[in-house]
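Q: Take a look at query_23.txt, compact mmCIF, C-alpha atoms and all ligand atoms:
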# COMPACT_ATOMS: atom_id res chain seq x y z
CA MET A 1 -8.43 -27.64 -22.35
CA ASN A 2 -6.81 -27.59 -18.93
CA GLN A 3 -8.16 -30.79 -17.44
CA HIS A 4 -5.61 -30.84 -14.60
CA ALA A 5 -6.56 -27.47 -13.11
CA ASP A 6 -7.91 -27.33 -9.53
CA PHE A 7 -10.88 -25.26 -10.63
CA CYS A 8 -11.99 -22.84 -13.27
CA ILE A 9 -14.28 -19.82 -13.51
CA ASN A 10 -16.33 -19.84 -16.68
CA ASN A 11 -18.35 -17.12 -18.44
CA VAL A 12 -16.34 -14.38 -16.82
CA ASN A 13 -15.18 -10.95 -17.98
CA ILE A 14 -11.64 -10.25 -16.83
CA ALA A 15 -9.78 -6.99 -16.27
CA THR A 16 -6.32 -8.56 -16.40
CA MET A 17 -4.50 -5.26 -15.65
CA ARG A 18 -1.59 -6.72 -17.64
CA SER A 19 1.19 -4.29 -18.38
CA THR A 20 1.57 -5.30 -22.01
CA THR A 21 -1.98 -4.35 -23.00
CA GLN A 22 -1.39 -0.69 -22.22
CA ALA A 23 0.23 -0.16 -25.56
CA GLU A 24 -2.84 -1.64 -27.20
CA ASN A 25 -4.89 1.23 -25.84
CA ASP A 26 -6.78 -0.85 -23.32
CA PRO A 27 -5.55 0.12 -19.85
CA TYR A 28 -7.69 -2.59 -18.20
CA GLY A 29 -6.40 -5.46 -20.34
CA ILE A 30 -9.95 -6.69 -20.81
CA ARG A 31 -10.71 -10.32 -21.76
CA GLU A 32 -14.45 -10.67 -22.25
CA ASN A 33 -16.35 -13.92 -22.03
CA ALA A 34 -13.48 -16.04 -20.80
CA CYS A 35 -12.71 -19.13 -18.76
CA ILE A 36 -9.85 -18.96 -16.27
CA PHE A 37 -8.06 -22.01 -14.86
CA ILE A 38 -6.43 -22.05 -11.42
CA LYS A 39 -3.91 -24.62 -10.21
CA ASN A 40 -1.76 -24.81 -7.07
CA GLY A 41 -2.65 -21.26 -6.08
CA LEU A 42 -1.58 -19.84 -9.43
CA ILE A 43 -3.37 -18.68 -12.53
CA GLU A 44 -2.76 -21.39 -15.08
CA ALA A 45 -4.48 -20.16 -18.23
CA ILE A 46 -7.13 -17.87 -19.63
CA GLU A 47 -9.15 -19.25 -22.53
CA PRO A 48 -12.38 -18.35 -24.32
CA ALA A 49 -15.51 -19.32 -22.35
CA LYS A 50 -16.54 -22.97 -22.70
CA GLY A 51 -19.94 -24.28 -23.68
CA ARG A 52 -19.21 -27.55 -21.95
CA LEU A 53 -16.42 -28.43 -19.54
CA ARG A 54 -15.00 -31.76 -18.51
CA SER A 55 -16.54 -32.75 -15.20
CA THR A 56 -13.09 -33.45 -13.71
CA VAL A 57 -12.51 -29.71 -13.25
CA GLU A 58 -14.59 -27.97 -10.60
CA THR A 59 -16.32 -25.12 -12.40
CA PHE A 60 -17.86 -21.86 -11.19
CA ASP A 61 -20.22 -20.11 -13.56
CA ALA A 62 -19.58 -16.37 -13.17
CA LYS A 63 -22.59 -15.50 -15.33
CA GLY A 64 -20.88 -12.50 -16.87
CA LYS A 65 -19.54 -10.97 -13.67
CA TRP A 66 -16.09 -9.33 -13.68
CA LEU A 67 -12.92 -10.86 -12.30
CA LEU A 68 -10.27 -8.36 -11.18
CA PRO A 69 -6.91 -8.80 -9.46
CA GLY A 70 -7.23 -8.71 -5.67
CA LEU A 71 -6.67 -5.14 -4.52
CA ILE A 72 -3.33 -4.22 -2.94
CA ASP A 73 -3.04 -1.51 -0.28
CA CYS A 74 0.68 -0.75 -0.58
CA HIS A 75 1.01 1.84 2.22
CA THR A 76 -0.64 1.56 5.64
CA HIS A 77 0.18 2.12 9.30
CA LEU A 78 -2.72 0.06 10.61
CA VAL A 79 -1.05 -1.33 13.74
CA PHE A 80 -1.39 1.28 16.49
CA ALA A 81 -3.15 2.02 19.76
CA GLY A 82 -5.52 4.85 20.61
CA ASN A 83 -6.73 7.47 18.17
CA ARG A 84 -6.11 11.15 17.47
CA ALA A 85 -9.67 12.48 17.40
CA LEU A 86 -8.65 15.20 19.85
CA GLU A 87 -5.96 16.41 17.43
CA PHE A 88 -8.52 16.35 14.65
CA GLU A 89 -10.58 18.70 16.77
CA LEU A 90 -7.52 20.95 17.29
CA ARG A 91 -6.84 20.99 13.56
CA GLN A 92 -10.41 21.97 12.85
CA GLU A 93 -9.92 24.81 15.32
CA GLY A 94 -7.00 26.03 13.25
CA MET A 95 -3.82 24.29 14.44
CA SER A 96 -1.71 22.64 11.74
CA TYR A 97 -0.51 19.00 11.59
CA ALA A 98 3.10 20.23 11.89
CA GLN A 99 2.30 22.50 14.85
CA ILE A 100 0.66 19.65 16.73
CA ALA A 101 3.69 17.44 16.05
CA GLN A 102 6.12 20.14 17.22
CA GLN A 103 4.22 20.39 20.50
CA GLY A 104 4.70 16.72 21.29
CA GLY A 105 1.44 15.47 19.78
CA GLY A 106 1.14 13.83 16.39
CA ILE A 107 3.10 10.65 15.83
CA GLN A 108 4.60 10.92 19.33
CA SER A 109 1.18 10.69 20.98
CA THR A 110 0.45 7.46 19.09
CA VAL A 111 3.92 6.21 20.09
CA ASN A 112 3.04 6.76 23.75
CA ALA A 113 -0.20 4.79 23.41
CA THR A 114 1.36 2.01 21.32
CA ARG A 115 4.25 1.42 23.71
CA LEU A 116 1.70 0.78 26.48
CA ALA A 117 -0.44 -1.57 24.43
CA SER A 118 -0.15 -5.36 24.71
CA TYR A 119 0.44 -7.65 21.74
CA GLU A 120 -3.17 -8.89 22.08
CA SER A 121 -4.80 -5.48 22.08
CA LEU A 122 -2.66 -4.29 19.15
CA LEU A 123 -3.51 -7.43 17.22
CA ASN A 124 -7.24 -7.15 17.90
CA SER A 125 -7.53 -3.54 16.79
CA ALA A 126 -5.31 -4.18 13.74
CA ILE A 127 -7.45 -7.16 12.68
CA GLY A 128 -10.52 -4.92 12.86
CA ARG A 129 -8.97 -2.34 10.52
CA ALA A 130 -7.54 -4.92 8.15
CA ALA A 131 -10.98 -6.58 7.98
CA ARG A 132 -12.46 -3.30 6.68
CA LEU A 133 -9.95 -3.36 3.82
CA VAL A 134 -10.41 -7.07 3.18
CA GLU A 135 -14.20 -6.83 2.81
CA GLU A 136 -13.62 -4.43 -0.09
CA GLY A 137 -11.51 -6.95 -1.99
CA VAL A 138 -8.03 -6.22 -0.65
CA THR A 139 -5.85 -9.34 -0.75
CA THR A 140 -2.44 -7.78 0.10
CA ILE A 141 -1.67 -5.11 2.70
CA GLU A 142 1.64 -3.44 3.43
CA ILE A 143 1.91 -2.46 7.11
CA LYS A 144 4.59 -0.20 8.59
CA SER A 145 5.96 -0.09 12.11
CA GLY A 146 6.95 3.34 13.39
CA TYR A 147 4.74 3.84 16.44
CA GLY A 148 7.13 2.06 18.80
CA LEU A 149 10.51 3.55 17.95
CA ASP A 150 12.15 1.39 20.65
CA VAL A 151 13.38 -2.14 19.91
CA GLU A 152 10.68 -3.96 21.77
CA THR A 153 7.65 -2.08 20.45
CA GLU A 154 8.89 -1.91 16.85
CA LEU A 155 9.40 -5.70 16.81
CA ARG A 156 6.01 -6.20 18.50
CA MET A 157 4.30 -4.07 15.84
CA LEU A 158 5.94 -6.02 13.02
CA GLN A 159 5.00 -9.33 14.65
CA VAL A 160 1.40 -8.16 15.06
CA ALA A 161 1.33 -7.12 11.41
CA LYS A 162 2.54 -10.52 10.21
CA ASP A 163 0.24 -12.41 12.58
CA ILE A 164 -2.85 -10.83 10.99
CA GLU A 165 -2.33 -13.49 8.32
CA SER A 166 -3.35 -16.18 10.83
CA HIS A 167 -6.70 -14.46 11.38
CA LEU A 168 -7.70 -13.11 7.97
CA MET A 169 -7.05 -14.51 4.50
CA VAL A 170 -4.74 -11.75 3.32
CA ASN A 171 -1.05 -11.33 2.44
CA ILE A 172 0.81 -8.97 4.76
CA GLN A 173 4.02 -7.16 3.80
CA PRO A 174 5.60 -5.65 6.94
CA THR A 175 7.89 -2.63 6.61
CA TYR A 176 10.29 -1.32 9.26
CA LEU A 177 9.68 2.44 9.67
CA GLY A 178 12.05 3.25 12.54
CA ALA A 179 12.83 6.66 11.06
CA HIS A 180 9.24 7.86 11.45
CA SER A 181 9.75 10.36 14.29
CA VAL A 182 12.49 11.12 16.81
CA PRO A 183 11.30 9.59 20.11
CA ASN A 184 11.38 11.69 23.29
CA GLU A 185 14.32 9.78 24.77
CA PHE A 186 16.47 10.94 21.78
CA ARG A 187 14.98 14.43 21.47
CA ASP A 188 18.31 16.13 22.14
CA ASP A 189 20.29 13.91 19.78
CA PRO A 190 18.36 12.86 16.65
CA ASP A 191 21.56 11.57 15.00
CA ALA A 192 22.00 9.14 17.88
CA TYR A 193 18.48 7.89 17.19
CA VAL A 194 19.38 7.30 13.53
CA ASP A 195 22.42 5.33 14.72
CA PHE A 196 20.09 3.35 16.97
CA VAL A 197 17.75 2.60 14.05
CA CYS A 198 20.64 1.45 11.86
CA GLY A 199 22.86 -0.21 14.45
CA ARG A 200 20.44 -1.66 17.00
CA VAL A 201 16.99 -2.19 15.55
CA MET A 202 17.57 -2.97 11.89
CA PRO A 203 19.96 -5.89 12.63
CA GLN A 204 17.24 -7.48 14.81
CA VAL A 205 14.58 -6.88 12.19
CA VAL A 206 16.85 -8.69 9.73
CA GLU A 207 17.70 -11.48 12.14
CA GLN A 208 14.02 -12.15 12.81
CA GLY A 209 13.19 -11.89 9.10
CA ILE A 210 10.22 -9.81 10.13
CA ALA A 211 10.23 -7.09 7.44
CA THR A 212 11.09 -6.98 3.76
CA SER A 213 11.39 -3.20 3.40
CA VAL A 214 12.62 -0.15 5.26
CA ASP A 215 10.84 3.20 5.15
CA VAL A 216 11.68 6.73 6.37
CA PHE A 217 9.82 10.01 6.91
CA CYS A 218 11.95 12.65 5.20
CA GLU A 219 10.55 15.96 6.44
CA SER A 220 11.51 18.98 8.54
CA ILE A 221 9.41 17.60 11.42
CA ALA A 222 11.04 14.17 11.05
CA PHE A 223 14.38 13.27 9.39
CA SER A 224 16.73 15.19 7.12
CA PRO A 225 17.89 13.82 3.76
CA ILE A 226 21.32 13.17 5.29
CA GLN A 227 19.79 11.13 8.08
CA CYS A 228 17.56 9.26 5.62
CA GLU A 229 20.57 8.50 3.45
CA LYS A 230 22.21 6.77 6.38
CA VAL A 231 19.13 4.60 6.84
CA PHE A 232 19.10 3.78 3.12
CA HIS A 233 22.77 2.75 3.19
CA THR A 234 22.10 0.37 6.07
CA ALA A 235 18.96 -1.02 4.41
CA ARG A 236 20.94 -1.65 1.25
CA HIS A 237 23.66 -3.35 3.29
CA TYR A 238 21.03 -5.79 4.57
CA SER A 239 19.43 -6.16 1.11
CA LEU A 240 16.15 -4.73 2.35
CA ASN A 241 13.88 -2.85 -0.05
CA ILE A 242 13.67 0.90 0.34
CA LYS A 243 10.53 3.04 0.52
CA ALA A 244 10.18 6.67 1.60
CA HIS A 245 7.66 9.25 2.82
CA VAL A 246 8.85 12.30 0.93
CA GLU A 247 7.70 15.76 -0.07
CA GLN A 248 4.50 15.51 1.98
CA LEU A 249 4.74 18.95 3.58
CA SER A 250 7.77 20.51 1.88
CA ASP A 251 10.33 19.84 -0.86
CA LEU A 252 13.50 18.43 0.73
CA LYS A 253 14.45 16.47 -2.42
CA GLY A 254 13.83 13.22 -0.57
CA ALA A 255 12.30 11.61 -3.65
CA CYS A 256 15.47 12.15 -5.73
CA LEU A 257 17.52 10.71 -2.91
CA ALA A 258 15.29 7.64 -2.61
CA ALA A 259 15.33 7.13 -6.38
CA LYS A 260 19.14 7.18 -6.29
CA PHE A 261 18.88 4.18 -3.99
CA ASN A 262 16.44 2.51 -6.42
CA ALA A 263 13.63 2.80 -3.90
CA LEU A 264 10.57 0.67 -4.60
CA SER A 265 8.43 3.74 -4.04
CA VAL A 266 8.29 7.40 -3.08
CA ASP A 267 5.10 8.16 -1.20
CA HIS A 268 2.95 11.31 -0.73
CA ILE A 269 4.99 13.66 -3.05
CA GLU A 270 2.55 16.58 -3.13
CA TYR A 271 5.53 18.95 -2.93
CA LEU A 272 7.67 17.07 -5.47
CA SER A 273 8.86 19.53 -8.09
CA PRO A 274 8.00 18.59 -11.70
CA GLU A 275 11.67 19.18 -12.59
CA ASP A 276 12.66 16.30 -10.33
CA VAL A 277 10.33 13.81 -11.98
CA PRO A 278 12.81 12.71 -14.72
CA ALA A 279 15.27 11.63 -12.01
CA ILE A 280 12.57 9.41 -10.50
CA ALA A 281 11.60 8.03 -13.89
CA LYS A 282 15.17 6.77 -14.35
CA SER A 283 14.84 4.26 -11.52
CA ASN A 284 12.03 1.71 -11.27
CA THR A 285 10.51 3.72 -8.45
CA VAL A 286 6.71 3.88 -8.15
CA ALA A 287 4.99 7.13 -7.14
CA VAL A 288 2.53 6.21 -4.37
CA LEU A 289 -0.18 8.83 -4.02
CA LEU A 290 -2.05 9.09 -0.72
CA PRO A 291 -5.21 11.15 -1.24
CA GLY A 292 -6.56 10.14 2.19
CA ALA A 293 -3.85 12.22 3.91
CA PHE A 294 -4.27 15.04 1.38
CA TYR A 295 -8.00 15.06 2.14
CA HIS A 296 -7.77 14.73 5.90
CA LEU A 297 -5.08 17.40 6.30
CA ARG A 298 -6.98 19.65 3.86
CA GLU A 299 -3.82 19.93 1.78
CA THR A 300 -4.08 22.10 -1.30
CA GLN A 301 -0.76 21.37 -3.03
CA LEU A 302 -1.41 18.71 -5.71
CA PRO A 303 1.16 16.06 -6.66
CA PRO A 304 2.76 16.73 -10.09
CA LEU A 305 0.50 14.35 -12.03
CA THR A 306 1.19 15.84 -15.45
CA ALA A 307 4.95 15.42 -15.16
CA LEU A 308 4.61 11.94 -13.63
CA ARG A 309 2.43 10.82 -16.54
CA GLN A 310 4.68 12.48 -19.10
CA HIS A 311 7.69 10.57 -17.81
CA HIS A 312 5.77 7.29 -17.41
CA VAL A 313 6.36 6.98 -13.68
CA PRO A 314 4.07 4.15 -12.48
CA LEU A 315 1.36 5.56 -10.20
CA ALA A 316 -0.02 3.70 -7.20
CA LEU A 317 -2.73 4.66 -4.72
CA ALA A 318 -2.89 3.61 -1.07
CA SER A 319 -4.95 4.29 2.03
CA ASP A 320 -2.04 5.39 4.30
CA LEU A 321 -4.43 4.12 7.00
CA ASN A 322 -3.13 5.70 10.23
CA PRO A 323 -4.59 7.55 13.23
CA GLY A 324 -3.16 10.99 12.43
CA SER A 325 -3.23 11.98 8.80
CA SER A 326 -5.45 9.36 7.17
CA PRO A 327 -7.96 7.51 9.35
CA VAL A 328 -9.46 5.99 6.21
CA ALA A 329 -10.00 2.22 6.16
CA SER A 330 -11.37 2.03 2.62
CA LEU A 331 -9.26 1.49 -0.48
CA LEU A 332 -12.30 1.89 -2.74
CA THR A 333 -12.91 5.35 -1.26
CA ILE A 334 -9.24 6.12 -1.86
CA MET A 335 -9.67 5.19 -5.54
CA ASN A 336 -12.54 7.64 -5.77
CA MET A 337 -10.43 10.30 -4.00
CA GLY A 338 -7.56 9.67 -6.42
CA CYS A 339 -9.95 10.47 -9.26
CA ILE A 340 -11.83 13.39 -7.71
CA LEU A 341 -9.01 15.08 -5.79
CA PHE A 342 -5.99 14.29 -8.01
CA GLY A 343 -7.71 14.00 -11.39
CA MET A 344 -6.70 10.40 -12.00
CA THR A 345 -8.71 8.31 -14.42
CA PRO A 346 -10.58 5.23 -13.12
CA ALA A 347 -8.13 3.08 -15.10
CA GLU A 348 -5.17 4.78 -13.39
CA ALA A 349 -6.85 4.30 -10.02
CA LEU A 350 -7.36 0.58 -10.67
CA SER A 351 -3.80 0.01 -11.88
CA GLY A 352 -2.75 2.03 -8.81
CA VAL A 353 -4.23 -0.57 -6.47
CA THR A 354 -3.28 -3.61 -8.54
CA ARG A 355 -0.32 -3.77 -10.94
CA ASN A 356 1.51 -0.65 -9.75
CA ALA A 357 0.81 -1.32 -6.08
CA ALA A 358 2.42 -4.74 -6.56
CA GLN A 359 5.46 -3.05 -8.09
CA ALA A 360 5.60 -0.63 -5.15
CA LEU A 361 5.99 -3.70 -2.93
CA GLY A 362 8.37 -5.58 -5.21
CA LEU A 363 5.78 -8.35 -5.71
CA ALA A 364 6.36 -9.53 -9.26
CA GLN A 365 3.73 -12.31 -8.96
CA LYS A 366 0.79 -10.14 -7.92
CA GLY A 367 -1.49 -7.41 -9.20
CA GLN A 368 -2.31 -8.89 -12.60
CA ILE A 369 -4.48 -11.71 -13.89
CA SER A 370 -2.13 -13.58 -16.13
CA SER A 371 -0.74 -17.10 -16.27
CA GLY A 372 1.93 -17.70 -13.67
CA PHE A 373 0.64 -14.98 -11.33
CA ASP A 374 -0.75 -15.67 -7.85
CA ALA A 375 -4.47 -16.41 -7.97
CA ASP A 376 -5.43 -13.41 -5.79
CA MET A 377 -8.69 -12.32 -7.44
CA CYS A 378 -12.13 -10.92 -6.72
CA LEU A 379 -15.40 -11.30 -8.56
CA TRP A 380 -17.52 -8.14 -8.91
CA ASP A 381 -21.15 -7.80 -9.99
CA ILE A 382 -20.52 -4.73 -12.18
CA GLN A 383 -20.89 -3.69 -15.82
CA HIS A 384 -17.35 -2.30 -16.12
CA PRO A 385 -14.25 -2.03 -13.87
CA ASN A 386 -14.50 1.77 -13.83
CA GLU A 387 -17.32 1.27 -11.29
CA LEU A 388 -14.75 0.58 -8.57
CA SER A 389 -13.68 4.25 -8.63
CA TYR A 390 -17.06 5.72 -9.45
CA GLY A 391 -18.97 5.84 -6.17
CA ILE A 392 -18.38 5.74 -2.45
CA ASN A 393 -19.46 2.76 -0.36
CA GLN A 394 -21.69 1.27 -3.01
CA ILE A 395 -20.07 -2.02 -3.98
CA ARG A 396 -18.29 -5.03 -2.55
CA PRO A 397 -16.87 -8.08 -4.31
CA THR A 398 -19.18 -11.08 -4.37
CA ARG A 399 -16.34 -13.64 -4.06
CA ALA A 400 -12.62 -13.48 -3.39
CA TRP A 401 -9.70 -15.90 -3.71
CA VAL A 402 -6.27 -15.62 -2.12
CA SER A 403 -3.64 -17.89 -3.70
CA GLY A 404 -6.49 -19.83 -5.26
CA ARG A 405 -8.31 -20.43 -1.97
CA GLU A 406 -11.74 -18.92 -1.63
CA ARG A 407 -12.09 -16.49 1.28
O1 LIG B 501 2.05 8.74 6.09
N1 LIG B 501 3.93 11.11 7.13
C1 LIG B 501 4.22 10.40 8.05
N2 LIG B 501 3.54 9.33 8.51
C2 LIG B 501 2.14 9.15 8.38
C3 LIG B 501 1.38 9.87 9.40
C4 LIG B 501 1.61 9.33 10.73
C5 LIG B 501 0.81 9.97 11.80
O2 LIG B 501 0.45 11.17 11.73
O3 LIG B 501 0.57 9.24 12.76
C6 LIG B 501 1.67 9.47 6.98
O4 LIG B 501 0.92 10.42 6.74
FE FE B 502 2.39 6.95 5.68
Any chance you could put this one into structure tokens?

A:
Amino acid sequence: MNQHADFCINNVNIATMRSTTQAENDPYGIRENACIFIKNGLIEAIEPAKGRLRSTVETFDAKGKWLLPGLIDCHTHLVFAGNRALEFELRQEGMSYAQIAQQGGGIQSTVNATRLASYESLLNSAIGRAARLVEEGVTTIEIKSGYGLDVETELRMLQVAKDIESHLMVNIQPTYLGAHSVPNEFRDDPDAYVDFVCGRVMPQVVEQGIATSVDVFCESIAFSPIQCEKVFHTARHYSLNIKAHVEQLSDLKGACLAAKFNALSVDHIEYLSPEDVPAIAKSNTVAVLLPGAFYHLRETQLPPLTALRQHHVPLALASDLNPGSSPVASLLTIMNMGCILFGMTPAEALSGVTRNAAQALGLAQKGQISSGFDADMCLWDIQHPNELSYGINQIRPTRAWVSGRER
């Protein structure tokens, strides 16, 4: 009996999402009728449910509800100004995402709006979007820069991202995405912009300790593999983690390149060739699938799920919340989309927003309910964890804890 714990939750069913239980043919790592002890923000122990507990430990009776790891949205761009509803209208009239970008719209139009926005207005709108995720049980959010592209606005975006933590109980993981689009002032010399990203901005990001990862957009409308490689070399020099938007619209072999640099994740990957999957499986790289962008852009090319499963590449799912390709502030909806659009199982969807999402962010202490892990957890009034993926906008957690503190 853990009489020194800060509190415990008794009579609870737990989907631990532990990696080791997979082999035992239970992808959820279920512990039924348990009692979980929390101390100093960490999960201390999981034991069978108690008939009677010592009064020294504060006890919550879960009455058979389910405790799941807090959800992790491992790929968002939720700091930005304005919206792109007009471009949505153009796309519905027949213009493509790439065409709009080539004509100076797309990412560039959000860059224009974001550069003009104050810290306060960026923070307020970002808090609103993050709150939508949080109310669904999200306890960790990765947020990318990439709508500033100049020193000042990129640093402002990253600061805004981090400062969300002072307003909502949520962990934020900021990522520097300088190589998102070539800004207008470098239009005639994209290589000079890459030099600027590596030589001017990244050193300041490092100096301010304001991001843990670096991301790129490897695509014909963005950066070539050679340019991305330069960014990866610099990121590695500064010991920053590497992530990459690759194979979203075409197959430039960006995923293989990122895997060579031991990237934490390769994201989108609809156009990843099944033959390239073994190369990705060799590194610890997670495949982050973004069905919100697939849905919103009415993409038809499916990511190579069969090959990814065959080669045991960990699969994660994320909202990609952004104004252009995925204005979707709902990770539960994304889980449903992962199942319906990509054919994932509800168990894959749940590990995609817990254990594997944690791996995609390099967070070894999150995404599982197991002793020693951070006590980021939500209580759900459900019969089985597959209900998280099952419907759209039907359920919310009844309670949530972040590092052992109730939200
Ligand atoms: O992940 N692919 C590049 N970046 C974003 C879209 C950004 C935008 O269109 O504003 C994405 O889909
Ligand atoms: Fe993205």

Q: Which residues of chain A sit at most 7 Å from ligand LIG 501 (chain B), using only C-alpha atoms and all ligand atoms? Give each one's shortest atom pair and distance in Å (one decimal place), in chain and ascending residue order, as a tab-separated table.

A:
residue	atom	partner	partner_atom	distance
A:Gly106	CA	B:LIG501	O2	5.4
A:Ile107	CA	B:LIG501	O3	4.2
A:Thr110	CA	B:LIG501	O3	6.6
A:His180	CA	B:LIG501	C1	6.6
A:Phe217	CA	B:LIG501	C1	5.7
A:His245	CA	B:LIG501	N1	6.0
A:Gln248	CA	B:LIG501	N1	6.8
A:Ala293	CA	B:LIG501	O4	5.8
A:Asp320	CA	B:LIG501	O1	5.6
A:Asn322	CA	B:LIG501	O3	5.7
A:Pro323	CA	B:LIG501	O3	5.5
A:Gly324	CA	B:LIG501	O2	3.7
A:Ser325	CA	B:LIG501	O2	4.8
A:Ser326	CA	B:LIG501	O4	6.5

Q: What would the file look like if the residues just selected were written as an mmCIF file, in the coordinates of the input with C-alpha atoms?

A:
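result09.cif was written with the following content:
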data_model
loop_
_atom_site.group_PDB
_atom_site.id
_atom_site.type_symbol
_atom_site.label_atom_id
_atom_site.label_comp_id
_atom_site.auth_asym_id
_atom_site.auth_seq_id
_atom_site.Cartn_x
_atom_site.Cartn_y
_atom_site.Cartn_z
ATOM 1 C CA GLY A 106 1.140 13.830 16.390
ATOM 2 C CA ILE A 107 3.100 10.650 15.830
ATOM 3 C CA THR A 110 0.450 7.460 19.090
ATOM 4 C CA HIS A 180 9.240 7.860 11.450
ATOM 5 C CA PHE A 217 9.820 10.010 6.910
ATOM 6 C CA HIS A 245 7.660 9.250 2.820
ATOM 7 C CA GLN A 248 4.500 15.510 1.980
ATOM 8 C CA ALA A 293 -3.850 12.220 3.910
ATOM 9 C CA ASP A 320 -2.040 5.390 4.300
ATOM 10 C CA ASN A 322 -3.130 5.700 10.230
ATOM 11 C CA PRO A 323 -4.590 7.550 13.230
ATOM 12 C CA GLY A 324 -3.160 10.990 12.430
ATOM 13 C CA SER A 325 -3.230 11.980 8.800
ATOM 14 C CA SER A 326 -5.450 9.360 7.170
#

Q: Which of these, A:Glu229, A:Leu315, A:Ala329, A:Arg200, has the shortest distance to Gly128 of chain A once you count all atoms listed in the file?

A: A:Ala329

Q: Go through A:Ser351, A:Thr76, A:Ser96, A:Thr20 and flag the residue nearest ligand FE 502 (chain B), using all atoms listed in the file for the distances.

A: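 Closest to ligand FE 502 (chain B), using all atoms listed in the file: A:Thr76.
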
Q: Quote the spacing between atom CA of Lys253 of chain A and atom CA of Gly362 of chain A in Å to one decimal place.

A: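 About the pair atom CA of Lys253 of chain A and atom CA of Gly362 of chain A: they are 23.0 Å apart.
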
Q: What's around Leu177 of chain A at 12 Å? Count all atoms listed in the file, leave out sequence neighbours fewer than 3 positions away in its own chain, and write the answer as a CSV table (one decimal) with C-alpha atoms, keeping the file's coordinate frame.

A:
chain,number,residue,atom,x,y,z
A,75,HIS,CA,1.0,1.8,2.2
A,76,THR,CA,-0.6,1.6,5.6
A,77,HIS,CA,0.2,2.1,9.3
A,142,GLU,CA,1.6,-3.4,3.4
A,143,ILE,CA,1.9,-2.5,7.1
A,144,LYS,CA,4.6,-0.2,8.6
A,145,SER,CA,6.0,-0.1,12.1
A,146,GLY,CA,7.0,3.3,13.4
A,147,TYR,CA,4.7,3.8,16.4
A,148,GLY,CA,7.1,2.1,18.8
A,149,LEU,CA,10.5,3.6,18.0
A,150,ASP,CA,12.2,1.4,20.6
A,151,VAL,CA,13.4,-2.1,19.9
A,153,THR,CA,7.6,-2.1,20.4
A,154,GLU,CA,8.9,-1.9,16.8
A,155,LEU,CA,9.4,-5.7,16.8
A,157,MET,CA,4.3,-4.1,15.8
A,158,LEU,CA,5.9,-6.0,13.0
A,174,PRO,CA,5.6,-5.6,6.9
A,180,HIS,CA,9.2,7.9,11.4
A,181,SER,CA,9.8,10.4,14.3
A,182,VAL,CA,12.5,11.1,16.8
A,194,VAL,CA,19.4,7.3,13.5
A,197,VAL,CA,17.8,2.6,14.0
A,198,CYS,CA,20.6,1.4,11.9
A,201,VAL,CA,17.0,-2.2,15.6
A,202,MET,CA,17.6,-3.0,11.9
A,205,VAL,CA,14.6,-6.9,12.2
A,211,ALA,CA,10.2,-7.1,7.4
A,212,THR,CA,11.1,-7.0,3.8
A,213,SER,CA,11.4,-3.2,3.4
A,214,VAL,CA,12.6,-0.2,5.3
A,215,ASP,CA,10.8,3.2,5.2
A,216,VAL,CA,11.7,6.7,6.4
A,217,PHE,CA,9.8,10.0,6.9
A,218,CYS,CA,12.0,12.6,5.2
A,222,ALA,CA,11.0,14.2,11.0
A,223,PHE,CA,14.4,13.3,9.4
A,228,CYS,CA,17.6,9.3,5.6
A,231,VAL,CA,19.1,4.6,6.8
A,232,PHE,CA,19.1,3.8,3.1
A,235,ALA,CA,19.0,-1.0,4.4
A,241,ASN,CA,13.9,-2.8,0.0
A,242,ILE,CA,13.7,0.9,0.3
A,243,LYS,CA,10.5,3.0,0.5
A,244,ALA,CA,10.2,6.7,1.6
A,245,HIS,CA,7.7,9.2,2.8

Q: Using all atoms listed in the file, can you tell me which of A:Gln227, A:Thr139, A:Gln301, A:Asn83 comes closest to Ala179 of chain A?

A: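 Between A:Gln227, A:Thr139, A:Gln301, A:Asn83, the residue approaching Ala179 of chain A most closely is A:Gln227.
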
Q: Could you tell me which of A:Ile141, A:Ala279, A:Ala318, A:Ala113 comes closest to ligand FE 502 (chain B) if we count only C-alpha atoms and all ligand atoms?

A: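 Using only C-alpha atoms and all ligand atoms, ligand FE 502 (chain B) sits closest to A:Ala318.
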
Q: Calculated over all atoms listed in the file, which of the candidates A:Ala259, A:Glu299, A:Glu270, A:Gly343 has the smallest distance to Lys282 of chain A?

A: A:Ala259

Q: Smallest atom-to-atom distance to ligand FE 502 (chain B): which of A:Ile14, A:Ile392, A:Ala255, A:Val266, using all atoms listed in the file?

A: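 Closest to ligand FE 502 (chain B) of all the choices is A:Val266.
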
Q: Around all of segment 36-39 of chain A's listed atoms, make the axis-aligned box with 6 Å on each side and tell me centre and edge lengths in Å to one decimal, as JSON.

A:
{"center_x": -6.9, "center_y": -21.8, "center_z": -13.2, "size_x": 17.9, "size_y": 17.7, "size_z": 18.1}

Q: I'd like the contact shell of Arg31 of chain A - 10 Å cut-off, only C-alpha atoms, skipping same-chain residues fewer than 4 positions apart - returned as number ranges by chain.

A: A: 12-16, 35, 46-48, 66-67

Q: Rounded to one decimal place, report the atom CA of Arg396 of chain A-atom CA of Gln173 of chain A distance in Å.

A: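 Atom CA of Arg396 of chain A sits 23.3 Å away from atom CA of Gln173 of chain A.
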
Q: Extract, using only C-alpha atoms, all DNA, RNA and protein residues at most 12 Å from Thr285 of chain A, discarding same-chain residues fewer than 4 positions from it, and format them as a VMD selection string.

A: chain A and resid 241 to 244 255 to 267 277 to 281 308 311 to 316 356 to 362
